[in-house]
file run04.cif (mmCIF, C-alpha atoms)
data_query
loop_
_atom_site.group_PDB
_atom_site.id
_atom_site.type_symbol
_atom_site.label_atom_id
_atom_site.label_comp_id
_atom_site.auth_asym_id
_atom_site.auth_seq_id
_atom_site.Cartn_x
_atom_site.Cartn_y
_atom_site.Cartn_z
ATOM 1 C CA MET E 87 -8.122 -2.348 -44.270
ATOM 2 C CA ILE E 88 -10.472 -0.995 -41.631
ATOM 3 C CA ASP E 89 -13.993 0.336 -41.827
ATOM 4 C CA VAL E 90 -13.839 4.040 -41.137
ATOM 5 C CA PRO E 91 -16.756 5.737 -39.366
ATOM 6 C CA LYS E 92 -18.660 8.375 -41.289
ATOM 7 C CA GLY E 93 -17.151 11.806 -40.751
ATOM 8 C CA MET E 94 -13.729 10.513 -39.776
ATOM 9 C CA LEU E 95 -12.030 11.854 -42.909
ATOM 10 C CA ARG E 96 -13.429 15.312 -42.178
ATOM 11 C CA LEU E 97 -12.100 15.137 -38.613
ATOM 12 C CA ALA E 98 -8.727 13.775 -39.751
ATOM 13 C CA ALA E 99 -8.352 16.466 -42.418
ATOM 14 C CA LEU E 100 -9.173 19.283 -40.027
ATOM 15 C CA ARG E 101 -6.877 17.871 -37.322
ATOM 16 C CA LEU E 102 -3.933 17.374 -39.668
ATOM 17 C CA LEU E 103 -4.423 20.722 -41.420
ATOM 18 C CA SER E 104 -4.500 22.413 -38.010
ATOM 19 C CA GLU E 105 -0.986 21.086 -37.398
ATOM 20 C CA SER E 106 0.603 21.831 -40.772
ATOM 21 C CA SER E 107 -0.216 22.902 -44.306
ATOM 22 C CA MET E 108 -0.685 19.945 -46.634
ATOM 23 C CA SER E 109 -1.695 18.967 -50.120
ATOM 24 C CA GLY E 110 -4.234 16.244 -50.784
ATOM 25 C CA VAL E 111 -1.433 13.773 -51.462
ATOM 26 C CA ASP E 112 0.259 14.766 -48.182
ATOM 27 C CA LEU E 113 -3.014 14.341 -46.298
ATOM 28 C CA SER E 114 -3.601 10.840 -47.647
ATOM 29 C CA ALA E 115 0.019 9.845 -46.980
ATOM 30 C CA GLU E 116 -0.102 11.151 -43.394
ATOM 31 C CA ILE E 117 -3.313 9.223 -42.675
ATOM 32 C CA ARG E 118 -1.751 6.073 -44.146
ATOM 33 C CA ARG E 119 1.397 6.602 -42.032
ATOM 34 C CA ALA E 120 -0.547 7.320 -38.830
ATOM 35 C CA THR E 121 -2.634 4.168 -39.249
ATOM 36 C CA ASP E 122 0.286 1.930 -40.254
ATOM 37 C CA GLY E 123 -1.371 1.458 -43.640
ATOM 38 C CA ALA E 124 -4.707 0.280 -42.234
ATOM 39 C CA TRP E 125 -6.511 3.280 -43.756
ATOM 40 C CA THR E 126 -5.559 4.904 -47.023
ATOM 41 C CA PRO E 127 -8.312 7.224 -48.172
ATOM 42 C CA GLY E 128 -8.565 7.343 -51.939
ATOM 43 C CA PRO E 129 -7.871 10.485 -53.951
ATOM 44 C CA GLY E 130 -11.554 10.914 -54.770
ATOM 45 C CA SER E 131 -12.482 10.986 -51.092
ATOM 46 C CA VAL E 132 -9.612 13.278 -50.125
ATOM 47 C CA TYR E 133 -10.200 15.837 -52.861
ATOM 48 C CA LEU E 134 -13.952 15.769 -52.296
ATOM 49 C CA ILE E 135 -13.517 16.535 -48.579
ATOM 50 C CA LEU E 136 -10.969 19.264 -49.339
ATOM 51 C CA LYS E 137 -13.383 20.870 -51.808
ATOM 52 C CA GLU E 138 -16.196 20.682 -49.237
ATOM 53 C CA LEU E 139 -14.062 22.121 -46.417
ATOM 54 C CA LEU E 140 -12.823 24.903 -48.682
ATOM 55 C CA GLY E 141 -16.368 25.733 -49.808
ATOM 56 C CA LYS E 142 -17.523 25.997 -46.194
ATOM 57 C CA GLY E 143 -14.590 28.228 -45.247
ATOM 58 C CA LEU E 144 -13.135 25.635 -42.870
ATOM 59 C CA ILE E 145 -9.787 25.545 -44.663
ATOM 60 C CA THR E 146 -7.839 28.070 -46.713
ATOM 61 C CA GLU E 147 -5.853 27.409 -49.858
ATOM 62 C CA LEU E 148 -2.336 28.787 -49.579
ATOM 63 C CA PRO E 149 -0.590 30.565 -52.467
ATOM 64 C CA LYS E 150 1.136 28.076 -54.764
ATOM 65 C CA ARG E 151 4.881 27.820 -54.245
ATOM 66 C CA GLU E 152 5.951 25.012 -56.538
ATOM 67 C CA GLY E 153 4.194 23.912 -59.694
ATOM 68 C CA ASN E 154 0.472 23.326 -59.432
ATOM 69 C CA THR E 155 0.432 21.744 -55.981
ATOM 70 C CA ARG E 156 -2.390 23.128 -53.868
ATOM 71 C CA ARG E 157 -1.722 23.301 -50.146
ATOM 72 C CA TYR E 158 -4.294 23.949 -47.463
ATOM 73 C CA ILE E 159 -4.401 24.990 -43.830
ATOM 74 C CA VAL E 160 -7.266 25.134 -41.338
ATOM 75 C CA SER E 161 -9.053 28.486 -40.912
ATOM 76 C CA GLY E 162 -10.341 30.058 -37.696
ATOM 77 C CA LYS E 163 -13.807 28.769 -38.540
ATOM 78 C CA GLY E 164 -12.246 25.350 -39.183
ATOM 79 C CA LYS E 165 -10.649 25.355 -35.721
ATOM 80 C CA GLN E 166 -14.091 25.895 -34.178
ATOM 81 C CA GLU E 167 -15.508 23.034 -36.256
ATOM 82 C CA LEU E 168 -12.563 20.853 -35.240
ATOM 83 C CA ALA E 169 -13.317 21.486 -31.556
ATOM 84 C CA ARG E 170 -16.983 20.582 -32.099
ATOM 85 C CA LEU E 171 -16.155 17.417 -34.051
ATOM 86 C CA SER E 172 -13.564 16.397 -31.455
ATOM 87 C CA GLU E 173 -16.196 16.498 -28.711
ATOM 88 C CA GLU E 174 -18.582 14.430 -30.830
ATOM 89 C CA ALA E 175 -15.814 11.935 -31.572
ATOM 90 C CA GLN E 176 -15.001 11.527 -27.879
ATOM 91 C CA SER E 177 -18.608 10.630 -27.162
ATOM 92 C CA ASP E 178 -18.712 8.257 -30.129
ATOM 93 C CA VAL E 179 -15.486 6.551 -29.030
ATOM 94 C CA ALA E 180 -16.968 5.943 -25.576
ATOM 95 C CA ARG E 181 -20.078 4.380 -27.138
ATOM 96 C CA GLN E 182 -17.979 2.223 -29.468
ATOM 97 C CA LEU E 183 -15.867 1.030 -26.542
ATOM 98 C CA LYS E 184 -19.049 0.012 -24.703
ATOM 99 C CA LEU E 185 -20.056 -1.992 -27.746
ATOM 100 C CA LEU E 186 -16.624 -3.625 -27.913
ATOM 101 C CA ALA E 187 -16.885 -4.482 -24.217
ATOM 102 C CA LEU E 188 -20.180 -6.226 -24.903
ATOM 103 C CA TYR E 189 -18.597 -8.046 -27.835
ATOM 104 C CA ALA E 190 -15.671 -9.180 -25.656
ATOM 105 C CA GLY E 191 -18.112 -10.407 -23.000
ATOM 106 C CA LEU E 192 -20.114 -12.371 -25.563
ATOM 107 C CA ALA E 193 -16.859 -13.937 -26.760
ATOM 108 C CA GLY E 194 -16.201 -15.157 -23.219
ATOM 109 C CA ARG E 195 -13.452 -12.626 -22.530
ATOM 110 C CA GLY E 196 -14.632 -11.230 -19.178
ATOM 111 C CA GLU E 197 -11.281 -9.684 -18.247
ATOM 112 C CA LEU E 198 -11.022 -7.944 -21.617
ATOM 113 C CA LYS E 199 -14.600 -6.728 -21.210
ATOM 114 C CA GLN E 200 -13.693 -5.100 -17.870
ATOM 115 C CA ASP E 201 -10.547 -3.516 -19.349
ATOM 116 C CA VAL E 202 -12.496 -2.039 -22.254
ATOM 117 C CA LEU E 203 -15.216 -0.747 -19.914
ATOM 118 C CA ALA E 204 -12.532 0.942 -17.812
ATOM 119 C CA LEU E 205 -11.121 2.531 -20.950
ATOM 120 C CA SER E 206 -14.606 3.703 -21.895
ATOM 121 C CA SER E 207 -14.914 5.435 -18.538
ATOM 122 C CA ALA E 208 -11.502 7.036 -18.942
ATOM 123 C CA VAL E 209 -12.496 8.410 -22.349
ATOM 124 C CA GLY E 210 -15.492 10.132 -20.851
ATOM 125 C CA ASP E 211 -18.428 7.807 -21.159
ATOM 126 C CA ASP E 212 -21.594 9.865 -21.308
ATOM 127 C CA THR E 213 -23.826 6.981 -22.365
ATOM 128 C CA GLY E 214 -25.199 6.419 -18.859
ATOM 129 C CA GLY E 215 -24.055 2.806 -18.935
ATOM 130 C CA LYS E 216 -26.088 2.061 -22.079
ATOM 131 C CA ILE E 217 -24.784 1.135 -25.481
#
call {"tool": "encode", "arguments": {"input": "run04.cif", "output": "structure tokens"}}
result
Amino acid sequence: MIDVPKGMLRLAALRLLSESSMSGVDLSAEIRRATDGAWTPGPGSVYLILKELLGKGLITELPKREGNTRRYIVSGKGKQELARLSEEAQSDVARQLKLLALYAGLAGRGELKQDVLALSSAVGDDTGGKI
């Protein structure tokens, strides 16, 4: 299992629901599949984020087709929020890569440190060279 940064489930839900309608079970399964099982958000977390996104108008519940399964899709307002969160995530990824570069350097892995710093720059490092 991996430690997931705060807000990542919100970003993942909006991203996945912008690509296809899904139920909570589908959302959890897609995250598990995309991470090769490293992250499987629990039902409590998934349904809590869906309730929050629905309450804020970021997703829309689709009419039920089969049984009681609720399916959701991102709304126009949700697409705007997704764009905002994606920009924040890009900046956060660059900062995290800087931190990993430092970690690699402290572990005596100078070449890995340089590779990770190059990746940080490619991502769009706006940290001004600071962690």
call {"tool": "resolve_selection", "arguments": {"input": "run04.cif", "expression": "the PyMOL selection byres ((chain E and resi 125) around 12)", "output": "list in words"}}
result
Met87, Ile88, Asp89, Val90, Pro91, Met94, Leu95, Ala98, Leu113, Ser114, Ala115, Glu116, Ile117, Arg118, Arg119, Ala120, Thr121, Asp122, Gly123, Ala124, Thr126, Pro127 and Gly128 of chain E
call {"tool": "resolve_selection", "arguments": {"input": "run04.cif", "expression": "the PyMOL selection byres ((chain E and resi 206) around 9)", "output": "PDB file with C-alpha atoms, in the coordinates of the input"}}
result
ATOM      1  CA  VAL E 179     -15.486   6.551 -29.030  1.00  0.00           C
ATOM      2  CA  ALA E 180     -16.968   5.943 -25.576  1.00  0.00           C
ATOM      3  CA  ARG E 181     -20.078   4.380 -27.138  1.00  0.00           C
ATOM      4  CA  GLN E 182     -17.979   2.223 -29.468  1.00  0.00           C
ATOM      5  CA  LEU E 183     -15.867   1.030 -26.542  1.00  0.00           C
ATOM      6  CA  LYS E 184     -19.049   0.012 -24.703  1.00  0.00           C
ATOM      7  CA  ALA E 187     -16.885  -4.482 -24.217  1.00  0.00           C
ATOM      8  CA  ASP E 201     -10.547  -3.516 -19.349  1.00  0.00           C
ATOM      9  CA  VAL E 202     -12.496  -2.039 -22.254  1.00  0.00           C
ATOM     10  CA  LEU E 203     -15.216  -0.747 -19.914  1.00  0.00           C
ATOM     11  CA  ALA E 204     -12.532   0.942 -17.812  1.00  0.00           C
ATOM     12  CA  LEU E 205     -11.121   2.531 -20.950  1.00  0.00           C
ATOM     13  CA  SER E 207     -14.914   5.435 -18.538  1.00  0.00           C
ATOM     14  CA  ALA E 208     -11.502   7.036 -18.942  1.00  0.00           C
ATOM     15  CA  VAL E 209     -12.496   8.410 -22.349  1.00  0.00           C
ATOM     16  CA  GLY E 210     -15.492  10.132 -20.851  1.00  0.00           C
ATOM     17  CA  ASP E 211     -18.428   7.807 -21.159  1.00  0.00           C
TER      18      ASP E 211
END
call {"tool": "resolve_selection", "arguments": {"input": "run04.cif", "expression": "the PyMOL selection byres ((chain E and resi 156) around 6)", "output": "PDB file with C-alpha atoms, in the frame of the given file"}}
result
ATOM      1  CA  SER E 109      -1.695  18.967 -50.120  1.00  0.00           C
ATOM      2  CA  THR E 155       0.432  21.744 -55.981  1.00  0.00           C
ATOM      3  CA  ARG E 157      -1.722  23.301 -50.146  1.00  0.00           C
TER       4      ARG E 157
END
call {"tool": "atom_distance", "arguments": {"input": "run04.cif", "atom1": "atom CA of Arg96 of chain E", "atom2": "atom CA of Ile135 of chain E"}}
result
6.5 Å
call {"tool": "closest_atom_pairs", "arguments": {"input": "run04.cif", "of": "segment 147-210 of chain E", "to": "segment 102-108 of chain E", "cutoff": "9 Å", "atoms": "only C-alpha atoms", "output": "CSV"}}
result
residue,atom,partner,partner_atom,distance
E:Leu148,CA,E:Ser107,CA,8.2
E:Arg156,CA,E:Met108,CA,8.1
E:Arg157,CA,E:Met108,CA,5.0
E:Tyr158,CA,E:Ser107,CA,5.3
E:Ile159,CA,E:Ser107,CA,4.7
E:Val160,CA,E:Ser104,CA,5.1
E:Ser161,CA,E:Ser104,CA,8.1
E:Gly164,CA,E:Ser104,CA,8.4
E:Lys165,CA,E:Ser104,CA,7.2
E:Leu168,CA,E:Ser104,CA,8.7
call {"tool": "axis_aligned_box", "arguments": {"input": "run04.cif", "around": "segment 138-148 of chain E", "padding_each_side": "5 Å", "output": "JSON"}}
result
{"center_x": -9.9, "center_y": 24.7, "center_z": -46.4, "size_x": 25.2, "size_y": 18.1, "size_z": 17.0}
call {"tool": "atom_distance", "arguments": {"input": "run04.cif", "atom1": "atom CA of Leu134 of chain E", "atom2": "atom CA of Gly110 of chain E"}}
result
9.8 Å
call {"tool": "closest_residue", "arguments": {"input": "run04.cif", "among": "E:Glu174, E:Gly141, E:Asp112, E:Glu197", "to": "Pro129 of chain E", "atoms": "only C-alpha atoms"}}
result
E:Asp112
call {"tool": "atom_distance", "arguments": {"input": "run04.cif", "atom1": "atom CA of Ser177 of chain E", "atom2": "atom CA of Lys137 of chain E"}}
result
27.2 Å
call {"tool": "closest_residue", "arguments": {"input": "run04.cif", "among": "E:Gln200, E:Gly194, E:Arg101, E:Leu188", "to": "Leu144 of chain E", "atoms": "all atoms listed in the file"}}
result
E:Arg101
call {"tool": "closest_residue", "arguments": {"input": "run04.cif", "among": "E:Leu192, E:Val111, E:Leu100, E:Leu198", "to": "Thr146 of chain E", "atoms": "only C-alpha atoms"}}
result
E:Leu100
call {"tool": "residues_around", "arguments": {"input": "run04.cif", "residues": "Leu97 of chain E", "least_positions_apart": "6", "cutoff": "10 Å", "atoms": "only C-alpha atoms", "output": "PDB file with C-alpha atoms, in the coordinates of the input"}}
result
ATOM      1  CA  LEU E 103      -4.423  20.722 -41.420  1.00  0.00           C
ATOM      2  CA  GLU E 167     -15.508  23.034 -36.256  1.00  0.00           C
ATOM      3  CA  LEU E 168     -12.563  20.853 -35.240  1.00  0.00           C
ATOM      4  CA  ALA E 169     -13.317  21.486 -31.556  1.00  0.00           C
ATOM      5  CA  ARG E 170     -16.983  20.582 -32.099  1.00  0.00           C
ATOM      6  CA  LEU E 171     -16.155  17.417 -34.051  1.00  0.00           C
ATOM      7  CA  SER E 172     -13.564  16.397 -31.455  1.00  0.00           C
ATOM      8  CA  ALA E 175     -15.814  11.935 -31.572  1.00  0.00           C
TER       9      ALA E 175
END
